Protein chains: 2
Amino acid sequence: MKRLVLKFGGTSVGTIEKIKKVANIVKKRFSEGHQIIVVVSAMSGVTDDLKSKSDSISPNFDNKELDVLLSSGEQISCSLLAGAIIDLGINARSWMGWQIPIVTNVNYTSSTIMNIKTDEVVNFLKGGVAVVAGFQGISIEKRITTLGRGGSDLSAVAIAKFFKADSCEIYTDVEGVLTTDPFMNKKAKKIDKISYEEMLEMASLGAKVMQPSAVQTAMIDDIPINVRSTFSEKPGTKIISEGETDYKKVVTGIAYSKNNAKVSIVGVTDKPGVAADVFEPLGKNNINIDMVIQNTSLDGKNANITFTIKRADLKKTLNLLEKNKQKLNYNKVTQDDKLAKISIIGAGMIANPGVTHKMFRSLASEKINILAISTSEIKISVLIREDLTQKAVKVLHKTFKLD
Amino acid sequence: MKRLVLKFGGTSVGTIEKIKKVANIVKKRFSEGHQIIVVVSAMSGVTDDLKSKSDSISPNFDNKELDVLLSSGEQISCSLLAGAIIDLGINARSWMGWQIPIVTNVNYTSSTIMNIKTDEVVNFLKGGVAVVAGFQGISIEKRITTLGRGGSDLSAVAIAKFFKADSCEIYTDVEGVLTTDPFMNKKAKKIDKISYEEMLEMASLGAKVMQPSAVQTAMIDDIPINVRSTFSEKPGTKIISEGETDYKKVVTGIAYSKNNAKVSIVGVTDKPGVAADVFEPLGKNNINIDMVIQNTSLDGKNANITFTIKRADLKKTLNLLEKNKQKLNYNKVTQDDKLAKISIIGAGMIANPGVTHKMFRSLASEKINILAISTSEIKISVLIREDLTQKAVKVLHKTFKLD
């Protein structure tokens with residue numbers, strides 16, 4: 001007998017028919033003799049609908065009331081699923097965040113789980129299925145909190161941790177984690193095993209099957225994750241620690257993010273603290289800096305600083321640079337706003353020094369120009385023209401034998 | 001400074017625009033210096049939508065989970081309204097049933113409020129508006145409960161009682177309690193004052209402005225009610241104790257209920273206990289008996305028993321009578337399934353013995369035949385053909401000077 005956490009996302013409980021299907025999956029797993037804690041998201045579309053209601057009332061809708069509002073989405077899916085399981089003759093009951101309780105800090109709309117009381121639910125698991133509302137908790141002020149978008153993944157992983165579950169299964173509408181976005185490359189294939197670190201890079205770069213901070217929590221507490229489909233019986237993708245993965249392939253997956261912009265500040269004085277002077281006002285205005293490249297000029301007096309940001313932040317960034325022109329004392333600012341970042345990810349790279357070279361050669365063969373590069377131990381990212389995204393994904397997918 | 005309970009029904013908070021309007025009413029009353037507890041229903045249509053979801057999962061959807069599901073409707077309207085009030089610069093916060101808590105018994109889907117803890121909210125009222133979700137509570141088992149349909153009226157009255165409020169204002173989409181249904185008679189007029197007893201009769205007979213059991217609770221605890229419109233500034237209808245009303249008019253209002261059926265059992269043996277034998281199987285099958293008339297035959301051996309029921313229960317009733325034919329030993333059963341009940345209501349009747357006569361004469365003048373009669377101290381009801389309902393309502397409205 002194992003203790004399992006099964007998490008079902010919004011598309012998995014998006015209709016009454018799908019909720020009934022999920023109830024059958026839960027019944028099957030329970031009948032196998034496992035202790036089951038189900039974690040559910042809101043039915044797809046519900047959270048967006050609630051959010052648009054609050055937006056219509058006020059663009060500055062109170063955070064604490066927003067959490068009360070949004071948490072109702074999971075209350076609906078959770079009670080419907082519990083009712084559907086009971087209807088199949090299995091003992092079940094729903095738990096809201098405040099009922100367990102799942103205690104969070106007071107950071108409304110994006111709280112962090114601090115503690116989960118387990119005794120009542122553990123007792124119930126002996127004879128029934130616990131269905132827990134994801135995404136929500138209760139603060140020490142006794143008010144409803146939410147964990148922010150995608151927070152049900154975080155709920156599932158935290159519940160797996162506090163309940164000492166044997167594994168955490170993330171049920172979704174795809175068959176697992178894919179080597180790349182199937183809309184970008186039809187040859188995308190399911191990955192059988194992936195390390196937390198690789199998954200973290202994939203998730204951060206837009207593979208939407210799991211929320212990055214949930215992957216991070218699973219990594220820290222070494223909770224085995226299985227991403228699988230609600231709509232097929234096939235085994236999914238196992239997310240495990242690096243030591244347990246076998247690296248037949250150097251590259252595990254290819255991720256991309258569109259809508260990037262590049263800004264270059266030409267001719268700033270090359271003195272200590274100049275980069276800090278550039279980025280401080282941007283950080284204070286919540287502009288997220290991604291890649292950064294700094295070139296010193298040959299005479300050692302001036303430098304060029306290039307960085308990438310989300311395209312949506314470009315106008316704000318240019319205004320801030322203009323405002324600080326006197327202080328920064330630069331020559332001019334150039335920009336390019338139609339760029340994409342393509343990344344190859346794989347823990348196998350560490351032992352294969354030829355990967356960088358192979359990646360660049362592969363892109364060059366398709367006449368794709370690289371505008372910037374950044375690397376980590378398990379990832380190489382390049383900045384390219386946005387309209388070449390699909391071409392780049394396809395050639396890299398082939399080059400690294402993922403087809 | 002007064003302590004007021006303001007209750008807003010589903011149509012009053014049916015859209016975002018209406019919620020903003022309600023927020024403005026609340027602001028106005030708060031700015032007058034009153035302590036304000038707002039009680040809200042779910043946005044109109046939401047509860048029905050949630051109910052249809054649970055029905056699609058199972059016709060026997062678990063009661064406890066149904067309460068979790070349905071209570072989310074008030075959670076949505078409550079948080080939206082609290083957010084809208086805060087947006088107007090007034091301190092406010094939402095309270096769910098479990099947060100106060102509003103403690104009920106364990107009769108899920110139709111619980112009764114046992115107790116309300118007041119200290120936290122009372123403390124908050126000194127500097128802000130409390131917005132409380134109607135219709136819901138928490139049982140001693142720590143699970144969410146609901147009070148049954150129309151339960152927000154009950155919540156409002158119970159809150160007025162436990163918080164020792166000076167009055168309870170029921171905001172709705174009509175300007176108050178009307179002398180009769182305006183769809184039946186355009187000459188229907190707003191009643192300025194009505195006693196609890198009269199209101200109870202009106203509400204039980206289909207005047208939908210307030211739920212009968214809420215009126216009853218208000219009557220027992222002598223809580224002054226004011227039924228008024230969310231969409232106009234006009235004073236509404238005051239519901240007060242009988243001693244405080246001034247009876248200029250003998251009849252206060254005219255109510256009706258359609259879809260009645262009449263069943264007559266002809267020739268049952270006239271012995272003690274025969275009526276009990278007739279009604280016991282019906283009662284056990286949840287068939288609600290309304291009017292009952294028993295005529296003894298001239299020879300004293302046989303009797304005819306006539307009673308009215310809802311038309312929907314007719315088939316079931318006839319089957320039960322057929323099943324018990326041997327025991328009841330009756331001659332035959334006759335029935336009529338297209339009948340309506342028309343009632344004139346007024347505490348002023350007690351002192352005016354001529355009312356019954358006047359009512360019958362008035363109906364006769366329109367050639368409306370009376371099929372059965374039942375009376376109470378403040379009400380006379382007659383059974384007539386359903387297609388004559390409007391004619392009867394109009395002539396009685398005129399006869400008793402309500403036009």
# chains A, B, ... in the order shown; residues from 1 in each chain; ligands from 1
call {"tool": "interface_residues", "arguments": {"of": "chain B", "to": "chain A", "cutoff": "10 Å", "atoms": "only C-alpha atoms", "output": "PyMOL selection string"}}
result
chain B and resi 15-17+19-20+50+53-88+92-96+98-99+142-144
call {"tool": "select_by_dssp", "arguments": {"residues": "stretch 3-113 of chain B", "states": "helix (DSSP H, G or I)", "output": "ChimeraX atom specification"}}
result
/B:16-31,46-57,63-87
call {"tool": "write_last_selection", "arguments": {"atoms": "N, CA and C atoms", "output": "short mmCIF file (atom, residue, chain, number, x, y, z; two decimals), in the first residue's frame"}}
result
data_model
loop_
_atom_site.label_atom_id
_atom_site.label_comp_id
_atom_site.auth_asym_id
_atom_site.auth_seq_id
_atom_site.Cartn_x
_atom_site.Cartn_y
_atom_site.Cartn_z
N ILE B 16 -22.27 42.91 -12.20
CA ILE B 16 -21.22 43.75 -11.61
C ILE B 16 -21.75 45.17 -11.38
N GLU B 17 -22.53 45.69 -12.35
CA GLU B 17 -23.09 47.04 -12.21
C GLU B 17 -23.99 47.13 -10.98
N LYS B 18 -24.80 46.09 -10.78
CA LYS B 18 -25.71 46.09 -9.63
C LYS B 18 -24.93 45.98 -8.31
N ILE B 19 -23.86 45.21 -8.32
CA ILE B 19 -23.02 45.10 -7.11
C ILE B 19 -22.44 46.47 -6.76
N LYS B 20 -22.02 47.21 -7.80
CA LYS B 20 -21.49 48.57 -7.54
C LYS B 20 -22.59 49.47 -6.96
N LYS B 21 -23.81 49.30 -7.46
CA LYS B 21 -24.94 50.10 -6.96
C LYS B 21 -25.18 49.79 -5.48
N VAL B 22 -25.16 48.49 -5.16
CA VAL B 22 -25.36 48.06 -3.78
C VAL B 22 -24.25 48.65 -2.90
N ALA B 23 -23.00 48.63 -3.40
CA ALA B 23 -21.88 49.20 -2.64
C ALA B 23 -22.15 50.66 -2.31
N ASN B 24 -22.75 51.38 -3.25
CA ASN B 24 -23.07 52.79 -3.01
C ASN B 24 -24.16 52.96 -1.96
N ILE B 25 -25.16 52.08 -1.98
CA ILE B 25 -26.21 52.13 -0.95
C ILE B 25 -25.58 51.89 0.43
N VAL B 26 -24.69 50.89 0.50
CA VAL B 26 -24.03 50.55 1.76
C VAL B 26 -23.19 51.74 2.24
N LYS B 27 -22.48 52.38 1.32
CA LYS B 27 -21.65 53.53 1.67
C LYS B 27 -22.52 54.64 2.28
N LYS B 28 -23.67 54.90 1.61
CA LYS B 28 -24.57 55.95 2.06
C LYS B 28 -25.06 55.67 3.50
N ARG B 29 -25.50 54.43 3.74
CA ARG B 29 -26.01 54.09 5.06
C ARG B 29 -24.90 54.15 6.12
N PHE B 30 -23.69 53.72 5.74
CA PHE B 30 -22.56 53.74 6.66
C PHE B 30 -22.19 55.20 7.00
N SER B 31 -22.24 56.04 5.95
CA SER B 31 -21.87 57.45 6.15
C SER B 31 -22.89 58.19 7.00
N VAL B 46 -26.70 31.84 -10.23
CA VAL B 46 -25.50 31.08 -9.86
C VAL B 46 -25.87 29.79 -9.12
N THR B 47 -26.76 29.90 -8.13
CA THR B 47 -27.12 28.71 -7.37
C THR B 47 -27.77 27.65 -8.27
N ASP B 48 -28.66 28.11 -9.17
CA ASP B 48 -29.28 27.17 -10.12
C ASP B 48 -28.23 26.49 -10.99
N ASP B 49 -27.26 27.28 -11.44
CA ASP B 49 -26.21 26.72 -12.29
C ASP B 49 -25.39 25.67 -11.54
N LEU B 50 -25.04 25.97 -10.30
CA LEU B 50 -24.26 25.01 -9.51
C LEU B 50 -25.09 23.75 -9.26
N LYS B 51 -26.37 23.96 -8.96
CA LYS B 51 -27.25 22.81 -8.69
C LYS B 51 -27.35 21.91 -9.93
N SER B 52 -27.43 22.52 -11.10
CA SER B 52 -27.57 21.71 -12.31
C SER B 52 -26.28 20.92 -12.56
N LYS B 53 -25.14 21.48 -12.16
CA LYS B 53 -23.87 20.75 -12.28
C LYS B 53 -23.91 19.49 -11.40
N SER B 54 -24.34 19.64 -10.16
CA SER B 54 -24.37 18.47 -9.27
C SER B 54 -25.40 17.47 -9.75
N ASP B 55 -26.52 17.95 -10.29
CA ASP B 55 -27.54 17.05 -10.84
C ASP B 55 -26.98 16.23 -12.01
N SER B 56 -26.11 16.87 -12.83
CA SER B 56 -25.52 16.15 -13.96
C SER B 56 -24.57 15.07 -13.49
N ILE B 57 -23.97 15.26 -12.34
CA ILE B 57 -23.08 14.23 -11.81
C ILE B 57 -23.90 13.08 -11.25
N ASN B 63 -25.32 15.12 -0.01
CA ASN B 63 -25.80 16.35 0.61
C ASN B 63 -24.70 17.24 1.17
N LYS B 64 -23.72 16.63 1.81
CA LYS B 64 -22.66 17.42 2.44
C LYS B 64 -21.81 18.11 1.37
N GLU B 65 -21.55 17.39 0.28
CA GLU B 65 -20.76 18.00 -0.80
C GLU B 65 -21.59 19.05 -1.54
N LEU B 66 -22.91 18.83 -1.60
CA LEU B 66 -23.78 19.82 -2.23
C LEU B 66 -23.70 21.15 -1.48
N ASP B 67 -23.63 21.08 -0.16
CA ASP B 67 -23.53 22.30 0.63
C ASP B 67 -22.20 23.02 0.38
N VAL B 68 -21.13 22.25 0.24
CA VAL B 68 -19.82 22.85 -0.08
C VAL B 68 -19.93 23.58 -1.42
N LEU B 69 -20.57 22.88 -2.38
CA LEU B 69 -20.72 23.43 -3.73
C LEU B 69 -21.56 24.70 -3.73
N LEU B 70 -22.77 24.61 -3.18
CA LEU B 70 -23.71 25.73 -3.27
C LEU B 70 -23.23 26.95 -2.49
N SER B 71 -22.55 26.73 -1.37
CA SER B 71 -22.09 27.86 -0.55
C SER B 71 -21.07 28.72 -1.30
N SER B 72 -20.47 28.19 -2.37
CA SER B 72 -19.50 28.99 -3.13
C SER B 72 -20.19 30.17 -3.83
N GLY B 73 -21.48 30.05 -4.11
CA GLY B 73 -22.21 31.13 -4.76
C GLY B 73 -22.19 32.41 -3.93
N GLU B 74 -22.44 32.29 -2.64
CA GLU B 74 -22.43 33.45 -1.74
C GLU B 74 -20.99 33.92 -1.48
N GLN B 75 -20.04 32.99 -1.56
CA GLN B 75 -18.64 33.37 -1.38
C GLN B 75 -18.22 34.34 -2.49
N ILE B 76 -18.71 34.09 -3.70
CA ILE B 76 -18.40 34.94 -4.85
C ILE B 76 -19.03 36.32 -4.68
N SER B 77 -20.35 36.37 -4.43
CA SER B 77 -21.03 37.67 -4.34
C SER B 77 -20.52 38.48 -3.14
N CYS B 78 -20.24 37.76 -2.06
CA CYS B 78 -19.81 38.40 -0.81
C CYS B 78 -18.44 39.08 -0.99
N SER B 79 -17.50 38.38 -1.61
CA SER B 79 -16.16 38.96 -1.80
C SER B 79 -16.21 40.08 -2.83
N LEU B 80 -17.03 39.91 -3.88
CA LEU B 80 -17.14 40.97 -4.89
C LEU B 80 -17.72 42.24 -4.25
N LEU B 81 -18.76 42.08 -3.41
CA LEU B 81 -19.37 43.25 -2.79
C LEU B 81 -18.40 43.90 -1.80
N ALA B 82 -17.71 43.09 -0.99
CA ALA B 82 -16.74 43.65 -0.05
C ALA B 82 -15.68 44.44 -0.81
N GLY B 83 -15.19 43.86 -1.92
CA GLY B 83 -14.19 44.55 -2.75
C GLY B 83 -14.73 45.85 -3.32
N ALA B 84 -16.00 45.85 -3.73
CA ALA B 84 -16.61 47.05 -4.31
C ALA B 84 -16.77 48.15 -3.25
N ILE B 85 -17.08 47.75 -2.01
CA ILE B 85 -17.22 48.74 -0.93
C ILE B 85 -15.85 49.34 -0.59
N ILE B 86 -14.83 48.46 -0.50
CA ILE B 86 -13.46 48.93 -0.23
C ILE B 86 -13.03 49.92 -1.31
N ASP B 87 -13.41 49.62 -2.57
CA ASP B 87 -13.04 50.49 -3.69
C ASP B 87 -13.65 51.88 -3.56
#
call {"tool": "residues_around", "arguments": {"residues": "A:Asn352", "least_positions_apart": "3", "cutoff": "12 Å", "atoms": "only C-alpha atoms", "output": "list in words"}}
result
Tyr247, Lys248, Lys249, Val250, Val251, Gly346, Ala347, Gly348, Met349, Val355, Thr356, His357, Lys358, Glu377 and Ile378 of chain A
call {"tool": "residues_around", "arguments": {"residues": "A:Glu198", "least_positions_apart": "6", "cutoff": "12 Å", "atoms": "only C-alpha atoms", "output": "number ranges by chain"}}
result
A: 177, 179, 191, 204-205, 207, 212, 215-216, 219, 238-242, 245, 247, 250-255, 343-349, 376-380
call {"tool": "residues_around", "arguments": {"residues": "A:Ile140", "least_positions_apart": "2", "cutoff": "9 Å", "atoms": "only C-alpha atoms", "output": "count of residues only"}}
result
7
call {"tool": "residues_around", "arguments": {"residues": "B:Tyr256", "least_positions_apart": "6", "cutoff": "9 Å", "atoms": "only C-alpha atoms", "output": "MDAnalysis selection string"}}
result
chainID B and resid 180:181 202 205:207 340:344 381 389 393
call {"tool": "atom_distance", "arguments": {"atom1": "atom CA of B:Thr306", "atom2": "atom CA of B:Ile265"}}
result
6.3 Å
call {"tool": "select_by_dssp", "arguments": {"residues": "stretch 243-396 of chain A", "states": "strand (DSSP E or B)", "output": "ChimeraX atom specification"}}
result
/A:253-269,292-296,302-310,332-345,372-376,379-385
call {"tool": "residues_around", "arguments": {"residues": "B:Leu339", "least_positions_apart": "4", "cutoff": "8 Å", "atoms": "only C-alpha atoms", "output": "number ranges by chain"}}
result
B: 258-262, 383-387
